[in-house]
Amino acid sequence: MTLLLTILTGVLCIGGAIFVLLSAIAMLRSRDGLSRINVLSSATGMGLPWIATGVYIQHVVVHGFDVITLIKLLVAIAGFIIMSSVASNALGRAAYRSGAPLDPATDPNELA
């Protein structure tokens with residue numbers, strides 16, 4: 001059972017790291033600021049929760065189950081998801097209002 005949980009921990013942590021890596025690569029390939037901000041959503045919405053869950057499972061393997069630590073994990077995951085969406089929206093509006101150039105392929109432009 002310990003081996004299975006260790007493998008699950010590795011899969012979750014490596015999978016989360018792959019989400020973050022792919023977000024970084026997509027961020028480098030994006031043409032404008034709004035696209036770069038949008039690309040961060042997969043890193044904070046999927047990558048970080050997977051990594052946090054992997055760390056929690058490893059913590060359970062080493063130290064045993066603890067309800068308080070599980071609650072901390074759930075609050076952290078909810079925080080990642082909520083803050084990711086709010087921050088993306090705020091940063092996107094700020095970038096657009098600052099006059100940052102948009103990619104000509106951006107269609108439709110709902111903010112104009």
# chains A, B, ... in the order shown; residues from 1 in each chain; ligands from 1

$ residues_around --residues "Phe80 in chain A" --least-positions-apart "2" --cutoff "9 Å" --atoms "only C-alpha atoms" --output "list in words"
Thr44, Gly45, Met46, Leu48, Pro49, Val75, Ala76, Ile77, Ala78, Ile82, Met83, Ser84 and Ser85 of chain A

$ select_by_dssp --residues "chain A" --states "alpha helix (DSSP H)" --output "JSON, numbers by chain"
{"A": [2, 3, 4, 5, 6, 7, 8, 9, 10, 11, 12, 13, 14, 15, 16, 17, 18, 19, 20, 21, 22, 23, 24, 25, 26, 27, 28, 29, 33, 34, 35, 36, 37, 38, 39, 40, 41, 42, 48, 49, 50, 51, 52, 53, 54, 55, 56, 57, 58, 59, 60, 61, 62, 63, 67, 68, 69, 70, 71, 72, 73, 74, 75, 76, 77, 78, 79, 80, 81, 82, 83, 84, 85, 86, 87, 88, 89, 90, 91, 92, 93, 94, 95, 96, 97]}

$ closest_atom_pairs --of "range 33-62 of chain A" --to "range 19-29 of chain A" --cutoff "6 Å" --atoms "only C-alpha atoms" --output "Markdown table"
| residue | atom | partner | partner_atom | distance |
| --- | --- | --- | --- | --- |
| A:Arg36 | CA | A:Met27 | CA | 5.1 |
| A:Val39 | CA | A:Ser23 | CA | 5.8 |
| A:Ala43 | CA | A:Val20 | CA | 4.6 |
| A:Gly47 | CA | A:Phe19 | CA | 5.0 |

$ residues_around --residues "Val86 in chain A" --least-positions-apart "5" --cutoff "12 Å" --atoms "only C-alpha atoms" --output "short mmCIF file (atom, residue, chain, number, x, y, z; two decimals) with all heavy atoms, in the first residue's frame"
data_model
loop_
_atom_site.label_atom_id
_atom_site.label_comp_id
_atom_site.auth_asym_id
_atom_site.auth_seq_id
_atom_site.Cartn_x
_atom_site.Cartn_y
_atom_site.Cartn_z
N ILE A 37 -1.55 36.39 -19.44
CA ILE A 37 -2.27 36.31 -18.17
C ILE A 37 -3.20 35.11 -18.18
O ILE A 37 -3.33 34.38 -17.18
CB ILE A 37 -3.03 37.62 -17.92
CG1 ILE A 37 -2.04 38.76 -17.67
CG2 ILE A 37 -3.99 37.49 -16.75
CD1 ILE A 37 -2.66 40.13 -17.70
N ASN A 38 -3.86 34.87 -19.30
CA ASN A 38 -4.79 33.75 -19.40
C ASN A 38 -4.09 32.40 -19.27
O ASN A 38 -4.65 31.45 -18.73
CB ASN A 38 -5.54 33.83 -20.74
CG ASN A 38 -6.65 32.84 -20.84
OD1 ASN A 38 -7.29 32.52 -19.85
ND2 ASN A 38 -6.88 32.35 -22.03
N SER A 41 -3.67 30.44 -15.80
CA SER A 41 -4.79 29.75 -15.15
C SER A 41 -4.55 28.25 -15.01
O SER A 41 -4.92 27.66 -13.99
CB SER A 41 -6.07 29.99 -15.92
OG SER A 41 -6.37 31.36 -15.93
N THR A 44 -2.07 27.64 -12.00
CA THR A 44 -2.62 27.83 -10.66
C THR A 44 -3.90 27.05 -10.42
O THR A 44 -4.21 26.73 -9.28
CB THR A 44 -2.88 29.33 -10.40
OG1 THR A 44 -3.74 29.83 -11.42
CG2 THR A 44 -1.60 30.11 -10.37
N GLY A 45 -4.63 26.72 -11.49
CA GLY A 45 -5.88 25.99 -11.32
C GLY A 45 -5.72 24.49 -11.29
O GLY A 45 -6.51 23.79 -10.67
N GLY A 79 -8.38 28.09 -2.23
CA GLY A 79 -7.70 29.38 -2.38
C GLY A 79 -7.00 29.50 -3.72
O GLY A 79 -7.06 30.56 -4.37
N PHE A 80 -6.34 28.44 -4.17
CA PHE A 80 -5.68 28.47 -5.48
C PHE A 80 -6.69 28.77 -6.58
O PHE A 80 -6.46 29.61 -7.45
CB PHE A 80 -5.00 27.13 -5.80
CG PHE A 80 -3.78 26.82 -4.99
CD1 PHE A 80 -3.54 25.52 -4.59
CD2 PHE A 80 -2.88 27.80 -4.64
CE1 PHE A 80 -2.41 25.21 -3.85
CE2 PHE A 80 -1.75 27.50 -3.90
CZ PHE A 80 -1.52 26.20 -3.50
N ILE A 81 -7.81 28.08 -6.54
CA ILE A 81 -8.80 28.22 -7.61
C ILE A 81 -9.49 29.58 -7.57
O ILE A 81 -9.63 30.25 -8.60
CB ILE A 81 -9.81 27.06 -7.54
CG1 ILE A 81 -9.09 25.74 -7.85
CG2 ILE A 81 -10.97 27.28 -8.50
CD1 ILE A 81 -9.90 24.52 -7.58
N LEU A 91 -5.97 41.27 -13.45
CA LEU A 91 -4.78 41.54 -14.25
C LEU A 91 -5.13 41.77 -15.72
O LEU A 91 -4.56 42.64 -16.38
CB LEU A 91 -3.78 40.40 -14.14
CG LEU A 91 -3.04 40.30 -12.81
CD1 LEU A 91 -2.26 39.00 -12.75
CD2 LEU A 91 -2.12 41.47 -12.64
N GLY A 92 -6.10 41.01 -16.24
CA GLY A 92 -6.52 41.19 -17.62
C GLY A 92 -7.14 42.55 -17.86
O GLY A 92 -6.83 43.24 -18.84
N ARG A 93 -8.00 42.98 -16.96
CA ARG A 93 -8.61 44.31 -17.10
C ARG A 93 -7.57 45.41 -16.97
O ARG A 93 -7.61 46.40 -17.69
CB ARG A 93 -9.73 44.50 -16.08
CG ARG A 93 -10.96 43.69 -16.42
CD ARG A 93 -12.13 44.03 -15.52
NE ARG A 93 -12.56 45.41 -15.57
CZ ARG A 93 -13.35 45.93 -16.50
NH1 ARG A 93 -13.77 45.17 -17.49
NH2 ARG A 93 -13.71 47.19 -16.45
#

$ residues_around --residues "Leu3 in chain A" --least-positions-apart "2" --cutoff "12 Å" --atoms "only C-alpha atoms" --output "list of chain:residue names"
A:Met1, A:Leu5, A:Thr6, A:Ile7, A:Leu8, A:Thr9, A:Gly10, A:Ile57, A:Gln58, A:Val61, A:Val62

$ atom_distance --atom1 "CA of Asp103 in chain A" --atom2 "CA of Ser42 in chain A"
20.8 Å

$ residues_around --residues "Trp50 in chain A" --least-positions-apart "4" --cutoff "8 Å" --atoms "only C-alpha atoms" --output "PyMOL selection string"
chain A and resi 12-13+15-16+46+54

$ atom_distance --atom1 "CA of Pro101 in chain A" --atom2 "CA of Gly33 in chain A"
7.7 Å

$ atom_distance --atom1 "CA of Ile68 in chain A" --atom2 "CA of Thr2 in chain A"
21.5 Å
